[in-house]
>>> print(open('model.txt').read())   # compact mmCIF, C-alpha atoms
# COMPACT_ATOMS: atom_id res chain seq x y z
CA MET A 2 101.89 110.21 263.93
CA PRO A 3 99.52 113.13 264.73
CA THR A 4 95.97 112.16 265.62
CA LYS A 5 94.24 115.47 264.92
CA LEU A 6 94.73 118.77 263.17
CA HIS A 7 95.95 121.64 265.28
CA ALA A 8 96.11 124.57 262.88
CA ASN A 9 94.51 126.91 265.42
CA ASP A 10 96.66 126.01 268.44
CA SER A 11 97.63 129.04 270.51
CA VAL A 12 101.25 127.86 270.63
CA PRO A 13 103.29 130.13 268.31
CA TYR A 14 104.92 128.01 265.63
CA SER A 15 107.41 129.45 263.18
CA THR A 16 107.16 129.17 259.42
CA VAL A 17 110.27 128.52 257.37
CA THR A 18 110.32 129.91 253.83
CA THR A 19 112.88 128.63 251.37
CA ARG A 20 113.46 130.01 247.91
CA GLY A 21 114.45 127.71 245.11
CA GLY A 22 115.44 127.63 241.48
CA ARG A 23 116.30 130.77 239.57
CA ILE A 24 114.63 132.84 236.87
CA PRO A 25 117.24 132.84 234.07
CA GLY A 26 118.69 136.27 233.43
CA THR A 27 118.01 137.41 237.00
CA ARG A 28 118.93 136.60 240.58
CA ARG A 29 115.30 136.08 241.51
CA PRO A 30 114.14 132.68 242.80
CA ALA A 31 111.82 130.68 240.58
CA PHE A 32 109.55 129.81 243.53
CA SER A 33 109.18 129.93 247.29
CA LEU A 34 108.06 127.19 249.68
CA SER A 35 106.71 128.03 253.14
CA VAL A 36 106.39 125.24 255.73
CA ARG A 37 105.18 125.58 259.31
CA GLU A 38 107.51 123.67 261.61
CA ASP A 39 104.76 121.58 263.21
CA ARG A 40 103.10 120.60 259.89
CA PRO A 41 99.60 121.04 261.40
CA ILE A 42 97.66 119.84 258.36
CA PRO A 43 98.47 117.26 255.64
CA VAL A 44 98.01 119.61 252.70
CA LEU A 45 100.31 121.37 250.24
CA ILE A 46 98.75 124.36 248.47
CA ALA A 47 100.52 125.19 245.20
CA ALA A 48 100.09 128.02 242.68
CA PRO A 49 102.21 127.09 239.64
CA HIS A 50 100.88 129.82 237.32
CA ALA A 51 101.11 132.75 239.75
CA GLY A 52 104.52 134.02 238.59
CA ARG A 53 104.78 137.73 237.73
CA HIS A 54 108.55 138.34 237.64
CA TYR A 55 109.35 139.13 234.00
CA PRO A 56 112.98 139.81 233.04
CA GLU A 57 113.31 142.77 230.68
CA ALA A 58 114.96 140.51 228.13
CA LEU A 59 111.84 138.32 228.10
CA LEU A 60 109.44 141.25 227.76
CA SER A 61 111.43 142.65 224.84
CA LYS A 62 110.86 139.41 222.92
CA MET A 63 107.06 139.45 223.38
CA ARG A 64 104.84 141.03 220.72
CA ARG A 65 102.24 142.36 223.19
CA PRO A 66 103.46 141.71 226.73
CA GLU A 67 100.48 143.19 228.57
CA TYR A 68 97.98 141.13 226.58
CA SER A 69 99.90 137.90 227.08
CA GLN A 70 100.52 138.50 230.79
CA VAL A 71 96.85 138.94 231.66
CA ARG A 72 95.83 135.83 229.72
CA LEU A 73 98.62 133.48 230.71
CA GLU A 74 98.88 134.28 234.42
CA ASP A 75 96.57 132.87 237.06
CA ARG A 76 96.28 136.50 238.01
CA TYR A 77 96.98 137.09 241.73
CA VAL A 78 95.69 133.65 242.70
CA ASP A 79 98.73 133.44 244.98
CA GLY A 80 96.93 135.93 247.23
CA VAL A 81 94.06 133.47 247.64
CA ALA A 82 96.50 130.61 248.21
CA ALA A 83 98.53 132.54 250.80
CA HIS A 84 95.39 133.52 252.72
CA ALA A 85 94.25 129.90 252.88
CA ALA A 86 97.71 128.77 254.00
CA ARG A 87 97.77 131.35 256.81
CA MET A 88 94.34 130.17 257.97
CA THR A 89 95.27 126.51 258.08
CA GLY A 90 99.04 126.14 258.41
CA ALA A 91 99.24 124.24 255.12
CA ASP A 92 102.50 124.12 253.19
CA LEU A 93 102.50 126.82 250.49
CA LEU A 94 104.41 126.67 247.19
CA VAL A 95 104.20 129.72 244.93
CA ALA A 96 105.87 130.05 241.53
CA HIS A 97 107.53 133.38 240.75
CA ALA A 98 108.71 132.48 237.25
CA PRO A 99 106.00 133.51 234.78
CA ARG A 100 104.08 130.99 232.72
CA ALA A 101 105.15 132.88 229.59
CA MET A 102 108.71 131.76 230.33
CA LEU A 103 107.83 128.18 231.28
CA ASP A 104 104.59 126.39 232.10
CA LEU A 105 105.05 124.27 235.21
CA ASN A 106 101.88 122.32 234.39
CA ARG A 107 103.52 120.78 231.31
CA ALA A 108 106.02 117.97 230.91
CA SER A 109 109.57 119.10 230.15
CA ASP A 110 109.39 117.52 226.67
CA ASP A 111 105.98 119.02 225.78
CA VAL A 112 107.67 121.42 223.37
CA ASP A 113 106.70 122.86 220.00
CA TRP A 114 110.10 122.29 218.43
CA THR A 115 109.31 124.54 215.47
CA MET A 116 109.66 127.54 217.81
CA VAL A 117 113.15 126.43 218.89
CA ALA A 118 115.93 127.93 216.77
CA GLU A 119 117.89 124.70 216.43
CA GLY A 120 114.80 122.52 215.99
CA ALA A 121 114.16 119.21 217.73
CA PRO A 122 117.15 117.45 219.31
CA ASP A 123 118.12 113.93 218.33
CA GLY A 124 115.45 111.48 219.38
CA HIS A 125 112.62 114.02 219.17
CA SER A 126 110.32 114.77 216.28
CA GLN A 127 107.68 117.42 215.77
CA SER A 128 105.15 114.71 214.92
CA GLY A 129 105.55 113.36 218.45
CA THR A 130 104.77 116.70 220.06
CA ASN A 131 102.09 116.61 222.76
CA ARG A 132 98.72 118.07 221.80
CA ARG A 133 99.23 120.90 224.33
CA ALA A 134 102.25 122.13 222.40
CA ARG A 135 100.43 121.67 219.09
CA SER A 136 97.63 123.90 220.39
CA GLY A 137 100.15 126.64 221.18
CA LEU A 138 100.21 126.12 224.95
CA GLY A 139 103.08 123.74 225.57
CA LEU A 140 106.02 124.01 227.95
CA VAL A 141 106.76 127.44 226.48
CA PRO A 142 103.49 129.01 225.29
CA ARG A 143 103.62 130.05 221.64
CA ARG A 144 100.18 131.29 220.57
CA LEU A 145 97.14 132.91 222.15
CA ALA A 146 93.62 133.39 220.80
CA GLY A 147 93.13 137.00 219.74
CA LEU A 148 96.88 137.55 219.41
CA GLY A 149 98.45 134.74 217.45
CA GLU A 150 102.19 134.43 217.95
CA ILE A 151 103.40 135.55 221.38
CA TRP A 152 107.06 135.90 220.44
CA ARG A 153 108.98 138.10 218.02
CA GLU A 154 111.74 135.53 217.51
CA SER A 155 112.61 131.87 217.94
CA LEU A 156 113.87 130.42 221.22
CA PRO A 157 117.52 129.29 221.45
CA SER A 158 117.79 125.72 222.67
CA ASP A 159 120.31 126.62 225.39
CA GLU A 160 117.82 129.14 226.79
CA LEU A 161 115.11 126.47 226.83
CA ASN A 162 117.46 124.09 228.62
CA GLN A 163 118.28 126.74 231.24
CA ARG A 164 114.60 127.29 231.94
CA ILE A 165 114.05 123.57 232.42
CA ALA A 166 117.10 123.20 234.66
CA HIS A 167 116.49 126.28 236.82
CA ILE A 168 112.67 126.39 236.97
CA HIS A 169 110.97 123.13 236.02
CA GLN A 170 113.25 120.59 237.66
CA PRO A 171 113.69 122.31 241.06
CA TYR A 172 110.00 123.23 241.31
CA HIS A 173 108.79 119.68 240.81
CA SER A 174 111.47 118.36 243.13
CA ALA A 175 110.12 120.74 245.79
CA VAL A 176 106.56 119.49 245.22
CA ALA A 177 107.67 115.88 245.60
CA ARG A 178 109.72 116.56 248.76
CA SER A 179 106.89 118.47 250.39
CA LEU A 180 104.30 115.79 249.66
CA GLU A 181 106.58 113.00 250.82
CA GLY A 182 107.36 114.90 254.02
CA ILE A 183 103.66 115.44 254.71
CA ARG A 184 102.87 111.80 253.94
CA ASP A 185 105.65 110.59 256.23
CA HIS A 186 104.34 112.84 259.02
CA TRP A 187 100.61 112.16 258.62
CA GLY A 188 100.39 108.88 256.71
CA ALA A 189 98.73 110.63 253.75
CA ALA A 190 99.09 113.90 251.86
CA LEU A 191 97.05 116.12 249.55
CA LEU A 192 98.25 118.53 246.88
CA LEU A 193 95.71 121.28 246.20
CA ASP A 194 96.88 122.82 242.93
CA ILE A 195 95.25 126.24 242.68
CA HIS A 196 94.56 127.94 239.34
CA SER A 197 92.28 130.68 238.09
CA MET A 198 90.16 130.78 234.96
CA PRO A 199 88.36 133.43 232.91
CA PRO A 200 84.57 133.40 233.31
CA LEU A 201 83.08 130.40 231.53
CA LYS A 202 80.58 131.08 228.77
CA LYS A 203 76.91 130.23 229.12
CA ALA A 204 75.79 127.15 227.21
CA HIS A 205 72.29 128.66 227.00
CA GLU A 206 70.41 131.70 228.33
CA ASP A 207 69.45 130.12 231.67
CA ASP A 208 72.82 128.47 232.24
CA ARG A 209 74.83 129.18 235.42
CA PRO A 210 78.48 128.72 234.47
CA ALA A 211 80.67 127.26 237.18
CA HIS A 212 82.71 129.55 239.41
CA PHE A 213 84.86 126.61 240.52
CA VAL A 214 86.05 123.56 238.60
CA ILE A 215 87.40 120.59 240.56
CA GLY A 216 89.79 118.40 238.57
CA ASP A 217 90.97 114.92 239.55
CA ARG A 218 92.00 113.46 236.18
CA PHE A 219 88.61 111.71 236.02
CA GLY A 220 89.23 109.86 239.25
CA GLY A 221 92.89 109.14 238.66
CA SER A 222 94.54 111.58 241.08
CA ALA A 223 92.57 111.60 244.34
CA ASN A 224 90.35 109.54 246.59
CA ASP A 225 86.71 109.88 245.49
CA ARG A 226 85.63 110.95 248.98
CA LEU A 227 87.97 113.92 248.92
CA VAL A 228 86.62 115.09 245.59
CA ALA A 229 82.99 114.61 246.65
CA SER A 230 83.63 116.55 249.85
CA ALA A 231 85.22 119.43 247.95
CA ILE A 232 82.24 119.72 245.63
CA GLN A 233 79.76 119.39 248.50
CA LEU A 234 81.44 122.11 250.59
CA LEU A 235 81.57 124.58 247.72
CA ASN A 236 77.95 123.85 246.76
CA ALA A 237 76.89 124.39 250.38
CA GLU A 238 78.43 127.87 250.17
CA GLY A 239 76.21 128.66 247.19
CA ALA A 240 78.90 128.20 244.56
CA ASN A 241 78.24 126.58 241.21
CA VAL A 242 80.81 123.82 240.82
CA ALA A 243 81.86 121.70 237.84
CA HIS A 244 83.82 118.45 237.95
CA ASN A 245 86.62 117.82 235.43
CA ARG A 246 84.99 119.88 232.70
CA PRO A 247 86.43 121.89 231.14
CA TYR A 248 89.52 121.46 233.37
CA ALA A 249 90.48 118.00 234.64
CA GLY A 250 94.01 118.84 235.73
CA GLY A 251 97.25 118.36 233.86
CA TYR A 252 100.87 117.37 234.21
CA VAL A 253 101.17 118.37 237.87
CA LEU A 254 98.48 115.89 238.89
CA ASP A 255 99.78 113.20 236.54
CA ARG A 256 103.28 113.49 237.95
CA HIS A 257 102.66 113.86 241.66
CA ALA A 258 99.46 111.96 242.50
CA LYS A 259 100.24 108.49 243.86
CA GLN A 260 97.07 107.18 245.45
CA GLY A 261 98.65 103.81 246.14
CA ARG A 262 101.17 105.61 248.35
CA GLN A 263 98.52 107.87 249.91
CA ILE A 264 99.53 110.99 247.99
CA HIS A 265 96.43 112.61 246.50
CA ALA A 266 96.16 115.61 244.19
CA ILE A 267 93.24 117.86 243.26
CA GLN A 268 93.22 120.86 240.93
CA ILE A 269 90.85 123.73 241.63
CA GLU A 270 90.08 126.45 239.10
CA ILE A 271 88.67 129.67 240.55
CA CYS A 272 86.79 132.14 238.34
CA ARG A 273 88.75 135.39 238.25
CA SER A 274 85.58 137.44 238.45
CA LEU A 275 85.22 136.31 242.08
CA TYR A 276 88.26 138.25 243.28
CA LEU A 277 89.48 140.54 240.46
CA ASP A 278 88.06 143.76 239.04
CA LYS A 279 85.90 143.98 235.92
CA ALA A 280 88.97 144.04 233.70
CA LEU A 281 90.17 140.81 235.39
CA SER A 282 93.42 142.61 236.06
CA GLN A 283 93.65 143.76 239.70
CA PRO A 284 92.57 142.20 243.01
CA THR A 285 89.59 143.56 244.94
CA THR A 286 88.44 143.35 248.55
CA ARG A 287 86.51 140.20 247.57
CA MET A 288 89.79 138.28 247.54
CA GLN A 289 89.60 137.78 251.32
CA ALA A 290 86.21 136.08 251.10
CA VAL A 291 87.50 133.73 248.41
CA GLY A 292 90.57 133.04 250.54
CA ASP A 293 88.33 132.25 253.51
CA LEU A 294 86.34 129.80 251.38
CA ILE A 295 89.47 128.04 250.14
CA GLY A 296 90.82 127.97 253.69
CA ASN A 297 87.64 126.24 254.89
CA LEU A 298 87.98 123.79 252.02
CA VAL A 299 91.59 123.04 252.99
CA ARG A 300 90.55 122.41 256.61
CA GLU A 301 87.79 120.00 255.59
CA LEU A 302 89.98 118.11 253.16
CA GLY A 303 92.84 118.09 255.65
CA GLU A 304 90.65 116.32 258.22
CA GLN A 305 89.75 113.66 255.69
CA VAL A 306 93.33 113.18 254.51
CA ALA A 307 94.44 112.76 258.13
CA MET A 308 91.76 110.08 258.51
CA LEU A 309 93.03 108.30 255.40
CA GLY A 310 96.50 108.38 256.90
CA ARG A 311 95.30 106.86 260.16
CA GLN A 312 93.40 104.13 258.35
CA GLY A 313 96.43 103.30 256.23
CA ARG A 314 98.63 102.86 259.30
CA GLN A 315 96.31 100.65 261.31
CA PRO A 316 98.00 97.30 262.03
CA LEU A 317 96.47 94.23 260.44
CA ALA A 318 94.75 91.73 262.74
CA ALA A 319 96.70 88.56 263.52
CA GLU A 320 95.52 85.51 261.63
>>> encode(input="model.txt", output="structure tokens")
Amino acid sequence: MPTKLHANDSVPYSTVTTRGGRIPGTRRPAFSLSVREDRPIPVLIAAPHAGRHYPEALLSKMRRPEYSQVRLEDRYVDGVAAHAARMTGADLLVAHAPRAMLDLNRASDDVDWTMVAEGAPDGHSQSGTNRRARSGLGLVPRRLAGLGEIWRESLPSDELNQRIAHIHQPYHSAVARSLEGIRDHWGAALLLDIHSMPPLKKAHEDDRPAHFVIGDRFGGSANDRLVASAIQLLNAEGANVAHNRPYAGGYVLDRHAKQGRQIHAIQIEICRSLYLDKALSQPTTRMQAVGDLIGNLVRELGEQVAMLGRQGRQPLAAE
């Protein structure tokens, strides 16, 4: 087992990138996973809402594609994630399938069945639909504030099943394999699930809305020391940080965090105004500074995860 991080070693290590899944209707992969051969840090950085590859058939079914794209995507947050991964050597998982097609931060049965042409399959009922789907933002987003219905027509059930089989299932299998590989190598692993958010509104005139929100499912997905360190580091850089409100993390953390097996998961929401233009549409030169900050955060958390791994593997004293 490694005893220290070595992300900055001068020895040239290669990075292997594999592409997995498939965006239905295209030959494009649903995601890509990049792993440095020496696994220098026990962290997986993931960007599940970064996908921007829209098949023409999908766009033709959307009422206002440009409006929905800007609001559903974690716009260009994969650039921040990739920068941090290059800095640290962390595993990097980036979704290419767009959230409009399938939301990877939802369970595969979190479906608004009234938008499916054939309705709910046997054993499912609309009354049992998860609240995310009822709000319009389930596995396949249906409604957006300021727009209403996203789609011009209902979704055939076979198309939904293809999206689950070719996007959702292989993506989450890749997350699990990466985290287990890191844990086996280091004794512990951390998933840093990176998202972006629109600027939060002020609660009152003197309020300073958070630029970062750290989510840990209210203590359920990560060691408390990791979460405290993340908040402390960001605060030390002058950032205003919130914890679990309004974003505590979702399905990704619920599915993959296993603290009892030393697999921890933290969600971080980054305000888009930090790295995008005024229209919150295109990246600016500020993206590098945000990437540097996230890279420093990954290094700090990686050190602590490695320590947790060492502590977990210490032999018990003879009695």
>>> closest_atom_pairs(input="model.txt", of="region 136-254 of chain A", to="region 10-33 of chain A", cutoff="12 Å", atoms="only C-alpha atoms", output="JSON lines")
{"residue": "A:Asp159", "atom": "CA", "partner": "A:Pro25", "partner_atom": "CA", "distance": 11.1}
{"residue": "A:Glu160", "atom": "CA", "partner": "A:Pro25", "partner_atom": "CA", "distance": 8.2}
{"residue": "A:Leu161", "atom": "CA", "partner": "A:Pro25", "partner_atom": "CA", "distance": 9.9}
{"residue": "A:Asn162", "atom": "CA", "partner": "A:Pro25", "partner_atom": "CA", "distance": 10.3}
{"residue": "A:Gln163", "atom": "CA", "partner": "A:Pro25", "partner_atom": "CA", "distance": 6.8}
{"residue": "A:Arg164", "atom": "CA", "partner": "A:Pro25", "partner_atom": "CA", "distance": 6.5}
{"residue": "A:Ile165", "atom": "CA", "partner": "A:Pro25", "partner_atom": "CA", "distance": 9.9}
{"residue": "A:Ala166", "atom": "CA", "partner": "A:Gly22", "partner_atom": "CA", "distance": 8.3}
{"residue": "A:His167", "atom": "CA", "partner": "A:Gly22", "partner_atom": "CA", "distance": 5.0}
{"residue": "A:Ile168", "atom": "CA", "partner": "A:Gly22", "partner_atom": "CA", "distance": 5.4}
{"residue": "A:His169", "atom": "CA", "partner": "A:Gly22", "partner_atom": "CA", "distance": 8.4}
{"residue": "A:Gln170", "atom": "CA", "partner": "A:Gly22", "partner_atom": "CA", "distance": 8.3}
{"residue": "A:Pro171", "atom": "CA", "partner": "A:Gly22", "partner_atom": "CA", "distance": 5.6}
{"residue": "A:Tyr172", "atom": "CA", "partner": "A:Phe32", "partner_atom": "CA", "distance": 7.0}
{"residue": "A:His173", "atom": "CA", "partner": "A:Gly22", "partner_atom": "CA", "distance": 10.4}
{"residue": "A:Ser174", "atom": "CA", "partner": "A:Gly21", "partner_atom": "CA", "distance": 10.0}
{"residue": "A:Ala175", "atom": "CA", "partner": "A:Gly21", "partner_atom": "CA", "distance": 8.2}
{"residue": "A:Val176", "atom": "CA", "partner": "A:Phe32", "partner_atom": "CA", "distance": 10.9}
{"residue": "A:Ser179", "atom": "CA", "partner": "A:Thr19", "partner_atom": "CA", "distance": 11.8}
>>> residues_around(input="model.txt", residues="Asp79 (chain A)", least_positions_apart="5", cutoff="12 Å", atoms="all atoms listed in the file", output="mmCIF file with C-alpha atoms, keeping the file's coordinate frame")
data_model
loop_
_atom_site.group_PDB
_atom_site.id
_atom_site.type_symbol
_atom_site.label_atom_id
_atom_site.label_comp_id
_atom_site.auth_asym_id
_atom_site.auth_seq_id
_atom_site.Cartn_x
_atom_site.Cartn_y
_atom_site.Cartn_z
ATOM 1 C CA PHE A 32 109.550 129.810 243.530
ATOM 2 C CA SER A 33 109.180 129.930 247.290
ATOM 3 C CA ILE A 46 98.750 124.360 248.470
ATOM 4 C CA ALA A 47 100.520 125.190 245.200
ATOM 5 C CA ALA A 48 100.090 128.020 242.680
ATOM 6 C CA PRO A 49 102.210 127.090 239.640
ATOM 7 C CA HIS A 50 100.880 129.820 237.320
ATOM 8 C CA ALA A 51 101.110 132.750 239.750
ATOM 9 C CA GLY A 52 104.520 134.020 238.590
ATOM 10 C CA ARG A 53 104.780 137.730 237.730
ATOM 11 C CA GLU A 74 98.880 134.280 234.420
ATOM 12 C CA HIS A 84 95.390 133.520 252.720
ATOM 13 C CA ALA A 85 94.250 129.900 252.880
ATOM 14 C CA ALA A 86 97.710 128.770 254.000
ATOM 15 C CA LEU A 93 102.500 126.820 250.490
ATOM 16 C CA LEU A 94 104.410 126.670 247.190
ATOM 17 C CA VAL A 95 104.200 129.720 244.930
ATOM 18 C CA ALA A 96 105.870 130.050 241.530
ATOM 19 C CA HIS A 97 107.530 133.380 240.750
ATOM 20 C CA ASP A 194 96.880 122.820 242.930
ATOM 21 C CA ILE A 195 95.250 126.240 242.680
ATOM 22 C CA HIS A 196 94.560 127.940 239.340
ATOM 23 C CA SER A 197 92.280 130.680 238.090
ATOM 24 C CA ILE A 271 88.670 129.670 240.550
ATOM 25 C CA TYR A 276 88.260 138.250 243.280
ATOM 26 C CA PRO A 284 92.570 142.200 243.010
ATOM 27 C CA MET A 288 89.790 138.280 247.540
ATOM 28 C CA GLN A 289 89.600 137.780 251.320
ATOM 29 C CA VAL A 291 87.500 133.730 248.410
ATOM 30 C CA GLY A 292 90.570 133.040 250.540
ATOM 31 C CA ILE A 295 89.470 128.040 250.140
#
>>> residues_around(input="model.txt", residues="region 61-65 of chain A", least_positions_apart="5", cutoff="10 Å", atoms="only C-alpha atoms", output="ChimeraX atom specification")
/A:56,70,101,148-156
>>> closest_residue(input="model.txt", among="A:Ser230, A:Gln312, A:Thr286, A:Asn106", to="Gly250 (chain A)", atoms="all atoms listed in the file")
A:Asn106
>>> atom_distance(input="model.txt", atom1="CA of Ala231 (chain A)", atom2="CA of Asp104 (chain A)")
26.0 Å
>>> closest_atom_pairs(input="model.txt", of="region 162-257 of chain A", to="region 262-268 of chain A", cutoff="9 Å", atoms="only C-alpha atoms", output="CSV")
residue,atom,partner,partner_atom,distance
A:Leu180,CA,A:Ile264,CA,7.0
A:Glu181,CA,A:Ile264,CA,7.9
A:Arg184,CA,A:Ile264,CA,6.9
A:Gly188,CA,A:Gln263,CA,7.1
A:Ala189,CA,A:Gln263,CA,4.7
A:Ala190,CA,A:Ile264,CA,4.9
A:Leu191,CA,A:His265,CA,4.7
A:Leu192,CA,A:Ala266,CA,4.5
A:Leu193,CA,A:Ile267,CA,5.1
A:Asp194,CA,A:Gln268,CA,4.6
A:Ile195,CA,A:Gln268,CA,6.0
A:His196,CA,A:Gln268,CA,7.4
A:Val214,CA,A:Gln268,CA,8.0
A:Ile215,CA,A:Gln268,CA,5.8
A:Gly216,CA,A:Gln268,CA,4.8
A:Asp217,CA,A:Ile267,CA,5.2
A:Arg218,CA,A:Ile267,CA,8.4
A:Ser222,CA,A:Ala266,CA,5.3
A:Ala223,CA,A:His265,CA,4.5
A:Asn224,CA,A:His265,CA,6.8
A:Leu227,CA,A:Ile267,CA,8.7
A:Val228,CA,A:Ile267,CA,7.5
A:Tyr248,CA,A:Gln268,CA,8.4
A:Ala249,CA,A:Gln268,CA,7.4
A:Gly250,CA,A:Gln268,CA,5.6
A:Gly251,CA,A:Gln268,CA,8.5
A:Val253,CA,A:Ala266,CA,8.5
A:Leu254,CA,A:Ala266,CA,5.8
A:Asp255,CA,A:Ala266,CA,8.8
A:His257,CA,A:Ala266,CA,7.2
>>> atom_distance(input="model.txt", atom1="CA of Ala240 (chain A)", atom2="CA of Glu301 (chain A)")
16.4 Å
>>> atom_distance(input="model.txt", atom1="CA of Gly137 (chain A)", atom2="CA of Ser109 (chain A)")
15.0 Å
>>> closest_residue(input="model.txt", among="A:Ser35, A:Val78, A:Trp187, A:Arg246", to="Leu6 (chain A)", atoms="all atoms listed in the file")
A:Trp187
>>> closest_residue(input="model.txt", among="A:Ala91, A:Pro41, A:Ala134, A:Pro66", to="Gly296 (chain A)", atoms="all atoms listed in the file")
A:Ala91
>>> closest_residue(input="model.txt", among="A:Met116, A:Ile42, A:Met198, A:Ala58", to="Ser274 (chain A)", atoms="all atoms listed in the file")
A:Met198
>>> closest_residue(input="model.txt", among="A:Ile183, A:Leu298, A:Ala211, A:Ala204", to="Ala229 (chain A)", atoms="only C-alpha atoms")
A:Leu298
>>> closest_residue(input="model.txt", among="A:Glu119, A:Asp75, A:Glu57, A:Asp113", to="Arg100 (chain A)", atoms="only C-alpha atoms")
A:Asp75
